[in-house]
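Structure file work-v3.txt; described as compact mmCIF, C-alpha atoms.
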# COMPACT_ATOMS: atom_id res chain seq x y z
CA MET A 1 88.70 109.49 87.50
CA ALA A 2 87.25 107.10 89.91
CA GLU A 3 88.96 106.55 93.19
CA PRO A 4 91.12 103.42 93.17
CA LEU A 5 90.09 100.61 95.48
CA MET A 6 92.88 99.77 97.87
CA GLU A 7 93.34 96.40 99.51
CA LEU A 8 95.49 95.56 102.52
CA ASN A 9 95.66 91.99 103.70
CA ALA A 10 97.86 90.08 106.10
CA SER A 11 99.19 86.57 105.82
CA LEU A 12 99.41 83.95 108.51
CA SER A 13 101.63 81.67 106.52
CA SER A 14 105.33 81.23 107.15
CA THR A 15 105.65 80.78 103.41
CA PRO A 16 103.32 83.55 102.37
CA THR A 17 101.04 82.35 99.65
CA THR A 18 97.69 83.61 100.78
CA TYR A 19 96.71 86.89 102.37
CA ASP A 20 93.39 86.11 103.92
CA GLN A 21 93.35 88.52 106.85
CA ALA A 22 91.54 91.52 105.44
CA ILE A 23 92.31 94.96 106.90
CA ILE A 24 91.32 97.25 104.04
CA THR A 25 88.84 95.91 101.52
CA ALA A 26 87.82 97.94 98.49
CA ASN A 27 88.85 101.15 100.26
CA VAL A 28 86.91 100.34 103.40
CA VAL A 29 89.03 100.10 106.52
CA ASP A 30 87.99 97.55 109.08
CA THR A 31 87.95 99.96 112.00
CA ASP A 32 87.89 97.11 114.50
CA LYS A 33 91.33 95.91 113.48
CA VAL A 34 94.54 97.14 115.03
CA ILE A 35 98.14 96.11 114.58
CA ARG A 36 99.65 95.45 117.98
CA TRP A 37 102.86 94.07 119.42
CA GLY A 38 102.85 91.61 122.31
CA ASP A 39 104.84 89.34 124.57
CA PRO A 40 104.99 85.58 123.98
CA ASP A 41 102.33 84.86 126.59
CA SER A 42 99.75 86.86 124.68
CA ALA A 43 96.47 85.30 123.68
CA ASP A 44 93.21 86.28 122.11
CA GLY A 45 91.73 89.02 124.24
CA THR A 46 94.80 89.32 126.42
CA ILE A 47 97.62 90.69 124.33
CA THR A 48 100.25 91.60 126.89
CA ASN A 49 102.76 94.38 126.59
CA VAL A 50 106.31 93.63 125.55
CA THR A 51 108.72 93.08 128.43
CA LEU A 52 111.83 95.25 128.33
CA PRO A 53 115.12 93.39 127.88
CA SER A 54 117.52 93.48 130.82
CA SER A 55 120.15 94.88 128.48
CA GLY A 56 120.62 95.69 124.84
CA ASP A 57 117.87 95.48 122.22
CA ILE A 58 115.26 92.86 121.43
CA TRP A 59 112.57 92.53 118.80
CA ALA A 60 109.01 92.77 120.01
CA PRO A 61 108.27 89.03 120.02
CA GLU A 62 104.77 88.83 118.60
CA LEU A 63 102.78 90.82 116.07
CA TRP A 64 99.02 90.62 116.40
CA LEU A 65 96.09 91.70 114.35
CA GLU A 66 93.87 92.69 117.23
CA ASP A 67 90.19 92.59 116.42
CA LEU A 68 87.77 94.48 118.63
CA SER A 69 84.79 92.48 117.43
CA ALA A 70 86.27 89.05 116.70
CA PRO A 71 89.09 86.82 117.93
CA ASP A 72 92.55 88.37 117.73
CA VAL A 73 94.86 86.87 115.13
CA LEU A 74 98.52 86.13 115.73
CA LEU A 75 100.44 87.26 112.64
CA VAL A 76 104.00 86.68 113.74
CA ASP A 77 104.93 84.23 116.45
CA THR A 78 107.69 84.37 119.00
CA ASP A 79 111.11 85.07 117.53
CA GLU A 80 109.92 84.60 113.98
CA GLN A 81 110.49 88.21 113.11
CA PRO A 82 112.94 89.21 112.01
CA ASN A 83 115.79 87.40 113.72
CA ALA A 84 114.96 83.73 113.31
CA ALA A 85 116.46 81.56 110.64
CA THR A 86 113.07 81.11 109.01
CA PRO A 87 111.30 84.37 109.71
CA LYS A 88 107.62 84.79 109.08
CA ALA A 89 108.38 88.35 108.19
CA MET A 90 106.32 88.79 105.06
CA THR A 91 102.99 89.74 106.43
CA PHE A 92 101.20 92.47 104.50
CA GLU A 93 100.13 92.84 100.92
CA LEU A 94 99.04 96.19 99.55
CA SER A 95 97.28 96.24 96.22
CA SER A 96 94.56 98.04 94.34
CA ASN A 97 92.65 98.28 91.13
CA ALA A 98 94.40 101.63 90.76
CA VAL A 99 93.01 103.89 88.13
CA SER A 100 95.67 106.56 88.29
CA TYR A 101 98.01 107.90 90.90
CA ALA A 102 99.88 111.13 91.00
CA THR A 103 102.47 109.70 93.34
CA ALA A 104 103.45 106.21 94.41
CA PRO A 105 101.57 105.01 97.51
CA ARG A 106 103.63 105.28 100.66
CA ILE A 107 103.72 103.52 104.01
CA THR A 108 104.71 105.52 107.05
CA ALA A 109 103.72 106.32 110.64
CA TRP A 110 102.69 109.40 112.60
CA ASP A 111 102.04 110.39 116.19
CA SER A 112 98.29 110.73 115.78
CA ASN A 113 95.33 111.49 113.57
CA ALA A 114 96.84 114.83 112.62
CA HIS A 115 99.49 113.08 110.52
CA SER A 116 101.80 116.00 111.08
CA THR A 117 104.26 115.17 113.88
CA THR A 118 106.69 112.38 114.80
CA THR A 119 107.72 113.17 118.35
CA GLU A 120 106.90 109.90 120.10
CA GLU A 121 109.75 107.78 121.42
CA ILE A 122 109.12 105.23 118.72
CA PHE A 123 110.42 107.85 116.28
CA ALA A 124 113.01 109.56 118.47
CA GLY A 125 114.54 106.40 119.88
CA THR A 126 116.27 106.36 123.24
CA ALA A 127 119.62 107.40 124.60
CA GLY A 128 120.45 103.74 124.98
CA ASN A 129 119.91 102.90 121.34
CA GLY A 130 121.61 105.97 119.97
CA ASN A 131 118.30 107.67 119.20
CA ASP A 132 117.47 105.41 116.29
CA PRO A 133 113.79 105.05 115.41
CA LEU A 134 112.26 101.85 116.76
CA LEU A 135 109.81 100.98 113.98
CA LYS A 136 111.50 99.24 111.05
CA ALA A 137 109.88 98.24 107.80
CA ARG A 138 110.85 96.29 104.75
CA GLY A 139 109.17 96.67 101.39
CA GLN A 140 109.34 94.16 98.59
CA THR A 141 107.80 93.72 95.20
CA VAL A 142 107.96 89.94 95.35
CA ASN A 143 105.98 87.71 97.63
CA SER A 144 108.78 85.88 99.38
CA VAL A 145 110.39 85.60 102.78
CA PRO A 146 113.11 88.24 103.14
CA PRO A 147 116.62 87.26 104.16
CA GLN A 148 117.50 86.86 107.81
CA HIS A 149 117.74 90.20 109.57
CA TRP A 150 116.56 91.64 106.28
CA GLY A 151 120.03 91.36 104.83
CA LEU A 152 121.75 93.13 107.72
CA THR A 153 123.30 91.94 110.95
CA GLU A 154 120.80 91.74 113.76
CA GLN A 155 122.38 94.71 115.53
CA GLY A 156 122.62 96.50 112.22
CA LEU A 157 118.89 96.23 111.82
CA HIS A 158 118.33 97.47 115.39
CA ASP A 159 120.56 100.42 114.57
CA LEU A 160 118.88 101.18 111.26
CA ASP A 161 118.30 104.91 111.05
CA GLY A 162 116.36 107.01 108.61
CA THR A 163 117.94 107.70 105.24
CA GLY A 164 114.95 109.26 103.58
CA PRO A 165 112.28 107.63 101.43
CA ILE A 166 113.01 104.04 100.45
CA VAL A 167 111.42 102.40 97.43
CA CYS A 168 110.13 98.85 97.74
CA GLY A 169 112.51 96.57 95.92
CA ASP A 170 113.16 92.89 95.41
CA ALA A 171 113.82 90.47 98.22
CA SER A 172 117.51 90.01 97.69
CA GLY A 173 119.15 93.04 99.20
CA SER A 174 118.97 95.29 102.20
CA GLU A 175 118.24 98.44 100.22
CA GLU A 176 114.53 98.08 100.82
CA ASN A 177 114.77 98.44 104.60
CA ALA A 178 113.41 101.63 106.09
CA VAL A 179 112.27 103.28 109.26
CA LEU A 180 108.78 104.72 109.29
CA GLU A 181 108.81 108.32 110.42
CA GLY A 182 106.30 110.71 108.88
CA ASP A 183 107.34 112.58 105.80
CA ALA A 184 111.03 112.19 106.53
CA ASN A 185 111.43 108.44 106.28
CA TYR A 186 109.00 106.04 104.69
CA LEU A 187 108.53 103.22 102.23
CA TYR A 188 106.96 103.93 98.88
CA ALA A 189 105.70 101.62 96.21
CA SER A 190 107.87 100.61 93.30
CA ASN A 191 105.21 101.77 90.87
CA VAL A 192 103.09 104.88 90.77
CA ASP A 193 100.22 102.64 89.77
CA ILE A 194 100.19 99.46 91.84
CA ASN A 195 97.41 97.87 89.86
CA GLY A 196 98.99 94.53 89.02
CA ASN A 197 102.06 95.45 91.07
CA PRO A 198 101.19 94.52 94.66
CA GLN A 199 103.62 95.64 97.33
CA TYR A 200 104.63 93.47 100.26
CA PHE A 201 105.89 94.84 103.52
CA ALA A 202 106.95 93.62 106.91
CA LEU A 203 107.21 95.41 110.22
CA ALA A 204 109.52 94.96 113.19
CA LEU A 205 109.68 96.85 116.46
CA SER A 206 113.07 97.25 118.10
CA VAL A 207 112.84 97.49 121.89
CA PRO A 208 115.86 98.92 123.72
CA ASP A 209 116.40 98.27 127.41
CA ASP A 210 115.76 101.91 128.32
CA ALA A 211 112.48 102.26 126.42
CA THR A 212 109.70 104.00 128.27
CA THR A 213 107.23 101.51 129.65
CA GLY A 214 103.55 101.77 128.81
CA VAL A 215 102.00 102.21 125.43
CA ASP A 216 101.92 105.99 125.08
CA ALA A 217 105.46 106.30 123.77
CA ILE A 218 104.89 103.83 120.96
CA ASP A 219 101.20 104.37 120.29
CA VAL A 220 101.27 105.67 116.74
CA VAL A 221 99.27 105.36 113.57
CA LEU A 222 100.51 103.28 110.69
CA THR A 223 99.52 105.14 107.57
CA ILE A 224 99.12 104.23 103.95
CA ARG A 225 98.96 107.35 101.82
CA TYR A 226 97.97 107.41 98.20
CA THR A 227 96.97 110.01 95.69
CA TYR A 228 94.71 109.84 92.71
CA THR A 229 93.39 112.09 90.05
CA MET B 1 83.06 113.72 101.51
CA VAL B 2 82.81 113.97 97.77
CA CYS B 3 85.07 116.54 96.23
CA THR B 4 84.89 118.04 92.81
CA PHE B 5 88.19 119.21 91.50
CA ALA B 6 88.52 122.23 89.34
CA ARG B 7 85.07 123.43 90.31
CA PHE B 8 85.07 126.37 92.63
CA VAL B 9 82.77 128.81 94.28
CA VAL B 10 84.03 132.05 92.78
CA HIS B 11 83.26 135.24 94.69
CA TYR B 12 83.37 138.42 92.63
CA ARG B 13 84.02 141.81 94.10
CA ASN B 14 80.62 143.02 92.94
CA GLY B 15 79.05 140.56 95.34
CA GLU B 16 78.11 137.91 92.83
CA THR B 17 78.92 134.26 93.47
CA ALA B 18 79.09 131.53 90.88
CA VAL B 19 80.21 127.94 90.57
CA GLU B 20 82.81 127.76 87.84
CA ASP B 21 84.99 125.13 86.29
CA ARG B 22 88.53 126.48 86.34
CA SER B 23 90.27 123.43 84.97
CA ASP B 24 91.09 125.43 81.87
CA PRO B 25 94.45 127.13 82.46
CA HIS B 26 93.11 130.24 80.71
CA CYS B 27 90.90 130.80 83.70
CA TRP B 28 93.90 131.25 85.94
CA ASP B 29 95.58 133.89 83.88
CA ASN B 30 93.38 136.80 84.73
CA LEU B 31 92.01 136.44 88.22
CA ILE B 32 92.59 140.11 88.95
CA LYS B 33 91.14 141.11 85.61
CA ASP B 34 88.08 139.07 86.46
CA ASP B 35 87.81 141.08 89.67
CA ILE B 36 87.56 137.96 91.79
CA SER B 37 87.77 138.45 95.54
CA ALA B 38 87.87 134.86 96.71
CA ILE B 39 87.68 131.28 95.54
CA GLY B 40 86.18 128.48 97.55
CA VAL B 41 86.98 124.86 96.90
CA LEU B 42 83.78 123.10 96.07
CA TYR B 43 82.98 119.87 97.81
CA ASP B 44 79.43 119.54 96.69
CA PRO B 45 78.41 121.16 93.42
CA LEU B 46 74.94 121.67 94.77
CA VAL B 47 75.83 123.55 97.92
CA LEU B 48 77.33 127.02 97.84
CA ASN B 49 79.33 128.29 100.80
CA GLU B 50 79.68 124.74 102.06
CA ARG B 51 81.67 124.19 105.20
CA ASP B 52 83.72 121.19 106.18
CA GLN B 53 83.05 118.94 109.13
CA ASP B 54 84.77 121.43 111.45
CA GLY B 55 82.59 124.28 110.32
CA LYS B 56 85.32 125.99 108.36
CA GLN B 57 84.88 126.99 104.80
CA LEU B 58 87.54 126.00 102.37
CA ARG B 59 88.15 129.32 100.76
CA LEU B 60 91.08 131.09 99.28
CA SER B 61 90.53 134.69 100.21
CA ASP B 62 92.45 137.74 99.07
CA ILE B 63 93.62 136.27 95.80
CA PRO B 64 97.41 136.36 95.97
CA GLN B 65 99.48 137.85 93.21
CA SER B 66 101.29 134.55 92.93
CA LEU B 67 98.24 133.12 91.27
CA VAL B 68 98.21 135.79 88.61
CA LEU B 69 100.33 134.59 85.75
CA LYS B 70 101.59 137.10 83.30
CA GLY B 71 103.71 137.06 80.21
CA SER B 72 102.48 133.81 78.78
CA LYS B 73 100.56 134.72 75.69
CA LYS B 74 100.38 131.13 74.58
CA HIS B 75 98.68 130.06 77.77
CA ASN B 76 100.31 126.69 77.40
CA PHE B 77 101.13 125.90 81.01
CA ARG B 78 99.70 122.67 82.27
CA PHE B 79 97.14 121.94 84.91
CA PHE B 80 97.25 119.07 87.37
CA GLN B 81 95.03 117.88 90.14
CA PHE B 82 94.98 115.06 92.63
CA LYS B 83 93.59 114.05 95.97
CA THR B 84 95.53 112.61 98.87
CA VAL B 85 94.04 110.01 101.18
CA ASP B 86 95.46 108.29 104.25
CA PHE B 87 94.43 104.92 105.54
CA GLN B 88 95.24 104.90 109.21
CA LEU B 89 95.71 101.88 111.45
CA GLY B 90 95.71 102.67 115.15
CA ALA B 91 94.14 101.78 118.45
CA SER B 92 93.43 104.58 120.87
CA LYS B 93 90.60 107.07 120.53
CA GLU B 94 92.54 109.65 118.57
CA ARG B 95 94.29 107.02 116.52
CA ARG B 96 91.42 104.76 115.60
CA SER B 97 91.75 102.86 112.34
CA GLY B 98 89.98 104.55 109.49
CA LYS B 99 90.20 106.52 106.29
CA HIS B 100 91.17 110.17 106.25
CA GLU B 101 91.03 112.64 103.44
CA VAL B 102 94.24 114.63 103.63
CA ASN B 103 93.95 117.31 101.03
CA LEU B 104 92.88 118.34 97.59
CA THR B 105 95.63 119.65 95.43
CA ILE B 106 95.47 121.50 92.17
CA GLY B 107 98.16 123.41 90.44
CA MET B 108 99.81 124.54 87.30
CA VAL B 109 103.23 123.85 85.89
CA VAL B 110 104.52 127.23 84.84
CA ASP B 111 107.87 126.57 83.21
CA LYS B 112 109.92 123.87 81.60
CA GLU B 113 111.89 123.34 84.80
CA GLY B 114 108.79 121.96 86.41
CA HIS B 115 108.11 124.87 88.76
CA CYS B 116 104.50 125.00 89.67
CA ILE B 117 101.96 126.90 91.66
CA VAL B 118 99.98 124.72 94.00
CA LEU B 119 96.65 125.41 95.59
CA GLU B 120 96.01 122.97 98.38
CA ALA B 121 92.87 122.57 100.42
CA MET B 122 92.93 120.58 103.64
CA PRO B 123 89.83 119.71 105.60
CA GLY B 124 89.63 121.87 108.67
CA VAL B 125 91.98 124.58 107.50
CA ASN B 126 91.99 127.29 104.91
CA VAL B 127 93.27 126.78 101.44
CA LYS B 128 96.94 127.57 101.03
CA THR B 129 99.09 128.24 98.01
CA TYR B 130 102.79 127.76 97.50
CA TYR B 131 105.45 127.37 94.89
CA THR B 132 107.18 124.06 94.45
CA THR B 133 108.32 121.77 91.65
CA VAL B 134 106.68 118.77 90.10
CA HIS B 135 109.73 116.79 91.14
CA SER B 136 109.47 117.65 94.82
CA ILE B 137 105.85 116.56 94.98
CA ARG B 138 106.72 113.46 92.99
CA LEU B 139 104.22 114.12 90.25
CA ASN B 140 103.93 111.58 87.54
CA LEU B 141 104.18 113.85 84.55
CA ASP B 142 103.18 111.25 82.01
CA LEU B 143 100.00 110.67 83.93
CA PHE B 144 98.87 114.20 83.29
CA GLU B 145 100.27 114.35 79.78
CA ILE B 146 102.37 117.31 80.67
CA ASN B 147 104.72 118.11 77.85
CA LEU B 148 107.23 120.38 79.49
CA GLU B 149 108.89 121.12 76.17
CA GLU B 150 105.83 123.03 75.16
CA ILE B 151 105.94 125.29 78.14
CA VAL B 152 107.47 128.71 77.66
I'd like the structure from this file rewritten - as structure tokens, please.
Amino acid sequence: MAEPLMELNASLSSTPTTYDQAIITANVVDTDKVIRWGDPDSADGTITNVTLPSSGDIWAPELWLEDLSAPDVLLVDTDEQPNAATPKAMTFELSSNAVSYATAPRITAWDSNAHSTTTEEIFAGTAGNGNDPLLKARGQTVNSVPPQHWGLTEQGLHDLDGTGPIVCGDASGSEENAVLEGDANYLYASNVDINGNPQYFALALSVPDDATTGVDAIDVVLTIRYTYT
Amino acid sequence: MVCTFARFVVHYRNGETAVEDRSDPHCWDNLIKDDISAIGVLYDPLVLNERDQDGKQLRLSDIPQSLVLKGSKKHNFRFFQFKTVDFQLGASKERRSGKHEVNLTIGMVVDKEGHCIVLEAMPGVNVKTYYTTVHSIRLNLDLFEINLEEIV
């Protein structure tokens, strides 16, 4: 059968109704676009690294869609994800004209192009945070803002550890929260065929006070894997 | 890279090479009888002995006994095939956003418990085979119209 055409778009709206920031269009990845975390003083062309908290854990304040050939786009503003009362946490929509899948599409992260290891600190965590993975994700099947702290306490979300593959669910509970860590922990779509069943997911980066500075420890690849016959 | 499932470069021990469609499960029941020495996964039906972008040929050499199925006179095991693709979003040189073909997977369900033999070809490495279950690789059985009740 023909290869399904995947679409990945991001929304800028605090009440997500439109997803007009194209990342993958008809199976073509915009190679100039990168998802990047930044501090509140970031701006187009000068996305600054996240400042470590003096103690405890914080959420990386801003989520940017960095564009190497056009102005960068701020997806999530300061403190809007995921700990504010009105979080702009619903940012990505994954859909396709899927013809047929063997397995449900999954969302995960790896160290590098090899898509085979998860040894970076973003996966291993730090001694200070109890070695919990830093990259959290929430997958929904409805286009709505998830509950505050994704249905957990704020510290509970910081402490979220891998429990294996998590299926995207509705927006009401906390069962659809996952960490993204290779083949061990990931989000997967609610339907094997997502044609007509778009999946919505949000990302949050927990930053403990003893995180390694610089980008190497958290420079990973976000991966959307799908199969087709 | 365009891949053609179920079509292989089949190398016979007498030195002959042919492109064959082995999507029919019957074809997998007598690899030794056919005196086949190696099977190469075919990416382009027009190019024999094709190599991937790293210069390695995707070939299953020394046909393993695990691929020789015996005792099934009805030949009613089921065949499946799929491709796996990753979209990658990243920044640095070795993590640049793009599309990556992960592997080509074909296999056969060999019993009603869902056990199957998988032949998997990954760009840049040789083909490998292994036993698993349709459940562990999260196969959608209905998609392939696999009727496990018919399998003996």
When you draw a straight line from CA of Thr212 in chain A to CA of Pro165 in chain A, how long is it in Å?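 A separation of 27.2 Å between them.
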For Ser54 in chain A: contacts at 12 Å, only C-alpha atoms, fewer than 3 positions along chain excluded, given as JSON, numbers by chain: {"A": [51, 57, 58, 207, 208, 209, 210, 211]}
Mind dumping a table of every chain A residue within 6 Å of chain B, with the nearest atom pair and its distance in Å to one decimal, using only C-alpha atoms, sorted by chain and rising number, as JSON lines?
{"residue": "A:Val29", "atom": "CA", "partner": "B:Gly98", "partner_atom": "CA", "distance": 5.4}
{"residue": "A:Thr31", "atom": "CA", "partner": "B:Ser97", "partner_atom": "CA", "distance": 4.8}
{"residue": "A:Val34", "atom": "CA", "partner": "B:Gly90", "partner_atom": "CA", "distance": 5.7}
{"residue": "A:Ala102", "atom": "CA", "partner": "B:Leu139", "partner_atom": "CA", "distance": 5.3}
{"residue": "A:Thr103", "atom": "CA", "partner": "B:Leu139", "partner_atom": "CA", "distance": 5.7}
{"residue": "A:Ser112", "atom": "CA", "partner": "B:Arg95", "partner_atom": "CA", "distance": 5.5}
{"residue": "A:Asn113", "atom": "CA", "partner": "B:Arg95", "partner_atom": "CA", "distance": 5.5}
{"residue": "A:Val221", "atom": "CA", "partner": "B:Gly90", "partner_atom": "CA", "distance": 4.7}
{"residue": "A:Leu222", "atom": "CA", "partner": "B:Leu89", "partner_atom": "CA", "distance": 5.1}
{"residue": "A:Thr223", "atom": "CA", "partner": "B:Gln88", "partner_atom": "CA", "distance": 4.6}
{"residue": "A:Ile224", "atom": "CA", "partner": "B:Phe87", "partner_atom": "CA", "distance": 5.0}
{"residue": "A:Arg225", "atom": "CA", "partner": "B:Asp86", "partner_atom": "CA", "distance": 4.4}
{"residue": "A:Tyr226", "atom": "CA", "partner": "B:Val85", "partner_atom": "CA", "distance": 5.6}
{"residue": "A:Thr227", "atom": "CA", "partner": "B:Thr84", "partner_atom": "CA", "distance": 4.4}
{"residue": "A:Tyr228", "atom": "CA", "partner": "B:Phe82", "partner_atom": "CA", "distance": 5.2}
{"residue": "A:Thr229", "atom": "CA", "partner": "B:Phe82", "partner_atom": "CA", "distance": 4.2}
Tell me which protein, DNA and RNA residues are within 8 Å of Lys33 in chain A, counting all atoms listed in the file, leaving out same-chain ones fewer than 6 positions away, and put them as a VMD selection string. (chain A and resid 23 65 to 68) or (chain B and resid 89 97)
Between CA of Asn27 in chain A and CA of Ala178 in chain A lies a distance of 25.2 Å
So the first atom is CA of Thr141 in chain A and the second is CA of Phe201 in chain A; what is the distance between them in Å, to one decimal place? 8.6 Å
Need the shell around Val50 in chain A: protein/DNA/RNA residues with any atom at most 12 Å away, counting all atoms listed in the file. Skip same-chain ones fewer than 5 positions apart. Format as a ChimeraX atom specification? /A:36-42,58-63,78,205-209,211-215,218
Could you pull the residues within 8 Å of range 107-111 of chain A, counting only C-alpha atoms, minus those fewer than 5 positions along the same chain, as a ChimeraX atom specification? /A:116-120,180-183,185-188,219-225
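Compared by their closest atoms to Gly130 in chain A, and using only C-alpha atoms, the residues A:Ala70, A:Leu160, A:Asp30, A:Val192 rank with A:Leu160 nearest.
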Draw an axis-aligned box tight on the listed atoms of range 104-108 of chain B, then pad every side by 4 Å and write out centre and edge lengths in Å to one decimal as lines of an AutoDock Vina configuration file.
center_x = 96.3
center_y = 121.4
center_z = 92.4
size_x = 14.9
size_y = 14.2
size_z = 18.3
Have a look at A:Ser190, A:Gln21, A:Asn143, A:Asn177 and name the one nearest to Asp161 in chain A; count all atoms listed in the file.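 Counting all atoms listed in the file, the residue closest to Asp161 in chain A is A:Asn177.
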Which is closer to Phe123 in chain A than all the others in A:Pro71, A:Ala189, A:Thr25, A:Leu135, using all atoms listed in the file?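 Of A:Pro71, A:Ala189, A:Thr25, A:Leu135, the one nearest Phe123 in chain A is A:Leu135, counting all atoms listed in the file.
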